[in-house]
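Undergrad: Just work_29.txt, nothing more (compact mmCIF, C-alpha atoms):
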```txt
# COMPACT_ATOMS: atom_id res chain seq x y z
CA SER A 1 -35.20 35.31 -62.89
CA SER A 2 -37.34 33.59 -60.24
CA PRO A 3 -36.05 32.89 -56.66
CA GLY A 4 -35.24 29.31 -57.58
CA GLU A 5 -33.36 30.25 -60.75
CA ASP A 6 -30.03 31.79 -61.63
CA VAL A 7 -28.34 32.71 -64.89
CA VAL A 8 -24.76 31.69 -65.53
CA GLY A 9 -23.36 32.26 -68.99
CA GLY A 10 -26.84 32.57 -70.43
CA PHE A 11 -28.05 29.24 -68.94
CA PHE A 12 -30.79 28.85 -66.38
CA PHE A 13 -30.06 26.64 -63.32
CA TYR A 14 -32.97 25.48 -61.17
CA PHE A 15 -31.43 25.16 -57.67
CA GLU A 16 -34.78 24.34 -56.08
CA ALA A 17 -35.03 21.20 -58.19
CA VAL A 18 -31.50 20.21 -57.17
CA ARG A 19 -32.33 20.70 -53.49
CA THR A 20 -35.53 18.69 -53.84
CA GLU A 21 -33.66 15.86 -55.48
CA SER A 22 -31.07 15.94 -52.67
CA ARG A 23 -33.79 15.78 -50.00
CA ASP A 24 -35.43 12.84 -51.76
CA ARG A 25 -32.10 11.05 -51.85
CA ASP A 26 -31.47 11.70 -48.14
CA ALA A 27 -34.95 10.61 -47.01
CA PRO A 28 -34.04 6.90 -46.48
CA ARG A 29 -30.96 7.91 -44.50
CA ARG A 30 -32.99 10.17 -42.22
CA ILE A 31 -35.34 7.27 -41.46
CA VAL A 32 -32.98 4.29 -41.29
CA MET A 33 -30.05 5.66 -39.29
CA PRO A 34 -32.06 7.10 -36.36
CA SER A 35 -34.15 3.92 -36.18
CA LEU A 36 -31.07 1.72 -36.01
CA SER A 37 -29.32 3.96 -33.49
CA ILE A 38 -32.32 4.26 -31.16
CA SER A 39 -33.01 0.52 -31.30
CA PHE A 40 -29.39 -0.36 -30.59
CA GLY A 41 -29.03 2.13 -27.74
CA THR A 42 -32.28 1.04 -26.09
CA LEU A 43 -31.44 -2.66 -26.28
CA VAL A 44 -27.90 -2.17 -24.97
CA ALA A 45 -29.07 0.01 -22.07
CA THR A 46 -31.79 -2.48 -21.12
CA THR A 47 -29.42 -5.44 -21.37
CA VAL A 48 -26.65 -3.91 -19.26
CA ASN A 49 -29.07 -2.58 -16.64
CA THR A 50 -30.88 -5.91 -16.29
CA LEU A 51 -27.72 -8.01 -16.06
CA ARG A 52 -26.13 -5.62 -13.56
CA GLN A 53 -29.23 -5.68 -11.36
CA ARG A 54 -29.14 -9.47 -11.58
CA GLN A 55 -25.59 -9.47 -10.21
CA LEU A 56 -26.54 -7.17 -7.33
CA ASP A 57 -29.51 -9.38 -6.44
CA LEU A 58 -27.29 -12.47 -6.50
CA ARG A 59 -24.83 -10.78 -4.17
CA VAL A 60 -27.61 -9.95 -1.69
CA LEU A 61 -29.03 -13.49 -1.81
CA LEU A 62 -25.61 -15.08 -1.29
CA ASN A 63 -24.99 -12.88 1.74
CA GLN A 64 -28.39 -13.84 3.13
CA GLU A 65 -27.66 -17.53 2.59
CA LEU A 66 -24.32 -17.15 4.34
CA SER A 67 -25.94 -15.55 7.37
CA ALA A 68 -28.65 -18.23 7.50
CA VAL A 69 -26.07 -21.04 7.33
CA GLN A 70 -24.06 -19.49 10.15
CA LEU A 71 -27.18 -19.19 12.31
CA LEU A 72 -28.16 -22.76 11.45
CA ARG A 73 -24.73 -24.02 12.46
CA VAL A 74 -25.03 -22.36 15.86
CA GLY A 75 -28.60 -23.60 16.28
CA LEU A 76 -27.69 -27.21 15.45
CA ASP A 77 -24.83 -27.13 17.94
CA ALA A 78 -27.13 -25.84 20.67
CA ASN A 79 -29.87 -28.29 19.73
CA PHE A 80 -27.66 -31.37 20.18
CA ARG A 81 -25.37 -30.05 22.89
CA GLY A 82 -27.04 -31.96 25.70
CA ALA A 83 -27.58 -35.17 23.74
CA THR A 84 -26.83 -38.29 25.77
CA THR A 85 -27.82 -41.08 23.38
CA MET A 86 -25.72 -42.50 20.58
CA ASP A 87 -28.51 -41.88 18.06
CA ALA A 88 -28.63 -38.18 18.93
CA ARG A 89 -24.87 -37.81 18.64
CA GLU A 90 -24.91 -39.59 15.29
CA ALA A 91 -27.68 -37.27 14.18
CA ASP A 92 -25.53 -34.33 15.28
CA ALA A 93 -22.64 -35.54 13.11
CA ARG A 94 -24.99 -36.16 10.15
CA ALA A 95 -26.49 -32.68 10.48
CA ALA A 96 -23.04 -31.10 10.42
CA LEU A 97 -22.15 -33.21 7.37
CA LEU A 98 -25.34 -32.17 5.55
CA LEU A 99 -24.70 -28.51 6.31
CA GLU A 100 -21.12 -28.81 5.03
CA GLY A 101 -22.44 -30.47 1.88
CA TYR A 102 -24.89 -27.62 1.36
CA VAL A 103 -22.13 -25.02 1.63
CA ALA A 104 -20.03 -27.02 -0.85
CA ARG A 105 -23.01 -27.07 -3.21
CA VAL A 106 -23.40 -23.28 -2.99
CA ILE A 107 -19.72 -22.88 -3.86
CA GLN A 108 -20.09 -25.24 -6.82
CA GLU A 109 -23.22 -23.51 -8.10
CA SER A 110 -21.41 -20.16 -7.87
CA SER A 111 -18.35 -21.26 -9.82
CA GLY A 112 -19.92 -20.85 -13.27
CA ARG A 113 -19.01 -24.44 -14.18
CA SER A 114 -21.91 -26.33 -12.54
CA ALA A 115 -23.64 -29.12 -14.36
CA GLU A 116 -27.30 -28.54 -15.12
CA GLU A 117 -28.49 -31.25 -12.73
CA SER A 118 -26.49 -29.80 -9.82
CA VAL A 119 -28.38 -26.50 -9.88
CA SER A 120 -31.91 -27.91 -9.76
CA VAL A 121 -33.96 -26.62 -6.84
CA PRO A 122 -34.95 -30.03 -5.31
CA ASN A 123 -31.38 -31.33 -5.47
CA ASN A 124 -29.93 -30.17 -2.15
CA GLU A 125 -29.27 -31.23 1.44
CA LEU A 126 -31.93 -29.08 3.10
CA GLY A 127 -34.71 -31.64 2.71
CA ALA A 128 -32.60 -34.34 4.37
CA LEU A 129 -31.64 -31.92 7.14
CA SER A 130 -35.28 -31.04 7.81
CA SER A 131 -36.20 -34.74 7.95
CA LEU A 132 -33.31 -35.40 10.32
CA LEU A 133 -34.49 -32.66 12.68
CA SER A 134 -38.01 -34.10 12.67
CA GLU A 135 -36.73 -37.63 13.41
CA THR A 136 -34.58 -36.51 16.33
CA ALA A 137 -37.08 -34.12 17.91
CA ALA A 138 -37.66 -36.50 20.82
CA ASP A 139 -33.95 -37.02 21.52
CA ALA A 140 -32.86 -33.39 21.31
CA SER A 141 -33.89 -30.21 23.00
CA SER A 142 -37.29 -29.01 21.79
CA THR A 143 -36.38 -25.37 22.48
CA TYR A 144 -34.63 -24.90 19.14
CA GLN A 145 -36.79 -27.13 16.95
CA ASN A 146 -39.13 -24.43 15.60
CA ASN A 147 -36.26 -21.99 15.07
CA LEU A 148 -34.21 -24.60 13.23
CA HIS A 149 -37.07 -25.54 10.92
CA ALA A 150 -37.69 -21.85 10.24
CA LEU A 151 -34.01 -21.36 9.38
CA VAL A 152 -34.07 -24.33 7.02
CA ALA A 153 -37.20 -22.95 5.31
CA THR A 154 -35.62 -19.50 4.99
CA LEU A 155 -32.46 -20.99 3.55
CA SER A 156 -34.50 -22.96 1.02
CA GLU A 157 -36.33 -19.80 -0.06
CA ARG A 158 -33.06 -17.91 -0.51
CA ARG A 159 -31.62 -20.72 -2.57
CA SER A 160 -34.70 -20.91 -4.80
CA ALA A 161 -34.53 -17.15 -5.42
CA ARG A 162 -30.80 -17.33 -6.19
CA LEU A 163 -31.21 -20.17 -8.68
CA ALA A 164 -34.10 -18.30 -10.30
CA HIS A 165 -31.81 -15.30 -10.85
CA LEU A 166 -29.08 -17.55 -12.23
CA ALA A 167 -31.50 -19.15 -14.68
CA THR A 168 -32.95 -15.80 -15.80
CA THR A 169 -30.79 -14.56 -18.63
CA TYR A 170 -31.15 -13.44 -22.23
CA PRO A 171 -31.40 -16.10 -24.95
CA ALA A 172 -28.89 -16.30 -27.78
CA VAL A 173 -31.33 -14.63 -30.19
CA HIS A 174 -31.18 -11.45 -28.07
CA TYR A 175 -27.43 -11.13 -28.61
CA ALA A 176 -27.86 -12.07 -32.27
CA VAL A 177 -30.25 -9.13 -32.70
CA LEU A 178 -27.77 -6.77 -31.03
CA THR A 179 -25.01 -8.00 -33.34
CA ALA A 180 -27.23 -7.62 -36.42
CA ILE A 181 -28.17 -4.04 -35.52
CA ALA A 182 -24.52 -3.11 -34.90
CA ALA A 183 -23.52 -4.64 -38.22
CA SER A 184 -26.32 -2.70 -39.96
CA ILE A 185 -25.06 0.58 -38.50
CA VAL A 186 -21.54 -0.18 -39.72
CA LEU A 187 -22.89 -1.05 -43.18
CA ALA A 188 -24.95 2.14 -43.26
CA TYR A 189 -21.83 4.13 -42.37
CA LEU A 190 -19.90 2.55 -45.24
CA VAL A 191 -22.74 3.35 -47.64
CA GLU A 192 -22.98 6.94 -46.48
CA THR A 193 -19.26 7.61 -46.71
CA ASP A 194 -19.34 6.50 -50.32
CA GLN A 195 -21.57 9.48 -51.30
CA GLU A 196 -20.12 12.51 -52.97
CA VAL A 197 -21.72 14.76 -50.38
CA LEU A 198 -19.09 13.64 -47.83
CA GLN A 199 -16.07 14.15 -50.00
CA PHE A 200 -15.10 17.17 -47.89
CA LEU A 201 -13.77 14.61 -45.37
CA SER A 202 -10.36 13.22 -46.12
CA SER A 203 -9.65 9.52 -46.30
CA LEU A 204 -7.80 9.68 -42.96
CA GLN A 205 -10.78 11.30 -41.23
CA LEU A 206 -13.17 8.68 -42.57
CA ARG A 207 -10.89 5.88 -41.39
CA LEU A 208 -10.61 7.49 -37.97
CA LEU A 209 -14.38 7.71 -37.62
CA PHE A 210 -14.74 4.10 -38.74
CA THR A 211 -12.13 3.02 -36.18
CA ILE A 212 -14.00 4.87 -33.41
CA LEU A 213 -17.27 3.24 -34.49
CA ILE A 214 -15.78 -0.27 -34.44
CA GLY A 215 -14.04 0.45 -31.12
CA VAL A 216 -17.28 1.55 -29.46
CA PHE A 217 -19.16 -1.52 -30.67
CA SER A 218 -16.32 -3.79 -29.56
CA GLY A 219 -16.33 -2.19 -26.12
CA VAL A 220 -20.10 -2.56 -25.79
CA GLY A 221 -19.86 -6.20 -26.84
CA SER A 222 -17.12 -6.83 -24.31
CA VAL A 223 -19.14 -5.28 -21.46
CA VAL A 224 -22.30 -7.21 -22.35
CA THR A 225 -20.40 -10.51 -22.63
CA ASP A 226 -18.54 -9.86 -19.37
CA ILE A 227 -21.56 -8.90 -17.29
CA ALA A 228 -23.62 -11.85 -18.58
CA ASP A 229 -21.59 -14.24 -16.35
CA PRO A 230 -21.76 -13.08 -12.71
CA PHE A 231 -18.82 -15.25 -11.64
CA ARG A 232 -16.26 -14.35 -14.30
CA GLY A 233 -14.75 -11.23 -15.78
CA ALA A 234 -14.31 -7.73 -14.42
CA TYR A 235 -17.85 -7.57 -13.04
CA ARG A 236 -17.69 -10.87 -11.16
CA ILE A 237 -19.07 -11.25 -7.65
CA THR A 238 -16.63 -13.96 -6.54
CA SER A 239 -15.64 -11.91 -3.50
CA THR A 240 -19.07 -12.71 -2.05
CA VAL A 241 -18.67 -16.42 -2.83
CA ALA A 242 -15.22 -16.41 -1.18
CA GLN A 243 -16.91 -15.85 2.19
CA PHE A 244 -18.24 -19.41 2.05
CA PHE A 245 -14.78 -21.02 1.99
CA PRO A 246 -13.84 -20.27 5.65
CA LEU A 247 -17.31 -21.43 6.71
CA ARG A 248 -16.87 -24.68 4.81
CA GLU A 249 -13.50 -25.27 6.47
CA ALA A 250 -15.08 -24.68 9.88
CA LEU A 251 -17.88 -27.15 9.09
CA ILE A 252 -15.36 -29.75 7.94
CA GLY A 253 -13.67 -29.34 11.31
CA ASP A 254 -17.01 -29.77 13.07
CA VAL A 255 -17.71 -32.98 11.17
CA ALA A 256 -14.27 -34.39 11.97
CA CYS A 257 -14.60 -33.50 15.64
CA LYS A 258 -18.05 -35.07 16.00
CA ARG A 259 -17.04 -38.21 14.16
CA SER A 260 -13.99 -38.63 16.35
CA ALA A 261 -16.22 -38.24 19.42
CA LEU A 262 -18.38 -41.11 18.15
CA ASP A 263 -15.29 -43.33 17.87
CA ASP A 264 -14.10 -42.43 21.36
CA PRO A 265 -14.03 -45.65 23.45
CA ASP A 266 -14.46 -43.61 26.65
CA TRP A 267 -17.89 -42.33 25.55
CA PRO A 268 -20.39 -42.14 27.12
CA PRO A 269 -18.88 -40.59 30.24
CA GLY A 270 -18.32 -43.15 32.97
CA SER A 271 -18.11 -46.12 30.59
CA GLU A 272 -14.45 -46.62 31.42
CA HIS A 273 -15.47 -47.59 35.00
CA ILE A 274 -17.96 -50.23 33.92
```
Can I see the file as structure tokens?
TA:
Amino acid sequence: SSPGEDVVGGFFFYFEAVRTESRDRDAPRRIVMPSLSISFGTLVATTVNTLRQRQLDLRVLLNQELSAVQLLRVGLDANFRGATTMDAREADARAALLLEGYVARVIQESSGRSAEESVSVPNNELGALSSLLSETAADASSTYQNNLHALVATLSERRSARLAHLATTYPAVHYAVLTAIAASIVLAYLVETDQEVLQFLSSLQLRLLFTILIGVFSGVGSVVTDIADPFRGAYRITSTVAQFFPLREALIGDVACKRSALDDPDWPPGSEHI
């Protein structure tokens, strides 16, 4: 008999033909399964890496905003410290109020529950603060004017970058594609386990593998959903946002102190002797 033949009980069996038929039947599986797996793995890796980098960038920008606000608070205090007119002191109180409002806005924008109009770039207190500094340049010390305007400009740039990162996310169709690919892999597994070639696996083993497959996909979906929101879940960066709360309380105290000074009947100094 030839190499591809054998004789059993007087009958010829062509094993080469059987192997060829098996390879032809397995050809779609060898093409479809790797394509699905590579596509799913690449998309998941890209998604997680991009969203994680987005969180790290947001953390850096929030820290930079915090530092700029603290410097601006000190600069405003020094700028109006020697003010002797009522207009300058009122401007000092307004500047502290605007800065407190800006910090409150940052906290709101970082809560994950902000309305769409509250996170627009032009909608903030920095423009009013810059105008206030320009209006009071003649009444206040000119030493800090350039530095204060530079701090306001830097703070505006940091805010624009932070809002750009917040607005940059994947659309719903991206997650729909991930879900469709995962469902296709599960369907392909069910089709493959229905073939006679896998009957050497027991029913328990097949169920265990299916459970592992579903568990892995559920875990990946949980991680992607969690990391998509930087202010919620296990990957949240709320510890960075929490640094703004003590600063806001300090600014509220500054506003209250400066307003009470405006209502003081003994101001300006020496008025009680008039």
Undergrad: Counting all atoms listed in the file, figure out which residue out of A:Val220, A:Val69, A:Ala104, A:Ile227 gets nearest to Ala182 in chain A.
TA: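 Under the stated criterion, the closest residue is A:Val220.
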Undergrad: Which one is closest to Gln108 in chain A: A:Leu71, A:Asn124, A:Gln64, A:Ala45? Count only C-alpha atoms.
TA: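 Using only C-alpha atoms, Gln108 in chain A sits closest to A:Asn124.
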Undergrad: Distance CA of Ala234 in chain A-CA of Val103 in chain A, one decimal place?
TA: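 Value for the CA of Ala234 in chain A-CA of Val103 in chain A distance: 24.9 Å.
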Undergrad: If we count all atoms listed in the file, what is near Gly75 in chain A at a cut-off of 9 Å, once residues fewer than 2 positions away on the same chain are taken out, given as a PyMOL selection string?
TA: chain A and resi 70-73+77-80+144-145+147-148
Undergrad: With all atoms listed in the file as the basis for distance, which of A:Glu100, A:Glu90, A:Glu249, A:Glu109 is at the shortest distance from Leu262 in chain A?
TA: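 Checking each candidate against Leu262 in chain A, we get A:Glu90 as the closest.
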Undergrad: Go through A:Asn146, A:Gln53, A:Ser184, A:Ser110 and flag the residue nearest Ser35 in chain A, using only C-alpha atoms for the distances.
TA: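 Closest to Ser35 in chain A, using only C-alpha atoms: A:Ser184.
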Undergrad: With a distance cut-off of 10 Å and all atoms listed in the file, select the neighbouring residues of Val186 in chain A, excluding the residue or stretch itself and same-chain residues fewer than 5 positions from it, and output the selection as a PyMOL selection string.
TA: chain A and resi 180-181+191-192+210+213-214+217
Undergrad: Print the selection's residues with C-alpha atoms to a file, as a PDB file, keeping the file's coordinate frame.
TA:
```
ATOM      1  CA  ALA A 180     -27.230  -7.620 -36.420  1.00  0.00           C
ATOM      2  CA  ILE A 181     -28.170  -4.040 -35.520  1.00  0.00           C
ATOM      3  CA  VAL A 191     -22.740   3.350 -47.640  1.00  0.00           C
ATOM      4  CA  GLU A 192     -22.980   6.940 -46.480  1.00  0.00           C
ATOM      5  CA  PHE A 210     -14.740   4.100 -38.740  1.00  0.00           C
ATOM      6  CA  LEU A 213     -17.270   3.240 -34.490  1.00  0.00           C
ATOM      7  CA  ILE A 214     -15.780  -0.270 -34.440  1.00  0.00           C
ATOM      8  CA  PHE A 217     -19.160  -1.520 -30.670  1.00  0.00           C
TER       9      PHE A 217
END
```
Undergrad: If I take CA of Asn63 in chain A and CA of Val241 in chain A, how far is one from the other in Å, to one decimal?
TA: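 Value for the CA of Asn63 in chain A-CA of Val241 in chain A distance: 8.6 Å.
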Undergrad: Need to verify the contact set: Thr46 in chain A, 12 Å, all atoms listed in the file, exclusion of same-chain residues closer than 4 positions in sequence. Can you return it as a PyMOL selection string?
TA: chain A and resi 39-42+50-53+170+174+178+224
Undergrad: Between CA of Leu151 in chain A and CA of Ala68 in chain A, what is the distance in Å, rounded to a tenth?
TA: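 The value is 6.5 Å.
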Undergrad: Point out the residue among A:Ser67, A:Val223, A:Ile38, A:Pro230 with the least atom-to-atom distance to Ala167 in chain A, counting all atoms listed in the file.
TA: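 The answer is A:Pro230, which sits nearest to Ala167 in chain A.
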Undergrad: For Phe231 in chain A, please output as a tab-separated table (two decimals) with C-alpha atoms, in the frame of the given file all residues within 7 Å (counting only C-alpha atoms; exclusion window: fewer than 3 positions along the same chain).
TA:
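So the final result, stored in part-v2.tsv, reads:
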```tsv
chain	number	residue	atom	x	y	z
A	110	SER	CA	-21.41	-20.16	-7.87
A	111	SER	CA	-18.35	-21.26	-9.82
A	112	GLY	CA	-19.92	-20.85	-13.27
A	236	ARG	CA	-17.69	-10.87	-11.16
A	237	ILE	CA	-19.07	-11.25	-7.65
A	238	THR	CA	-16.63	-13.96	-6.54
```
Undergrad: Which of these residues is nearest to Asp87 in chain A, using all atoms listed in the file: A:Thr136, A:His149, A:Leu155, A:Ser160?
TA: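 With all atoms listed in the file as the atom set, the closest residue is A:Thr136.
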Undergrad: Excluding Gly101 in chain A and residues on its chain fewer than 2 positions from it, collect all residues at most 10 Å away from it, counting only C-alpha atoms, and give them as a PyMOL selection string.
TA: chain A and resi 95-99+103-107+124-126+248+251-252
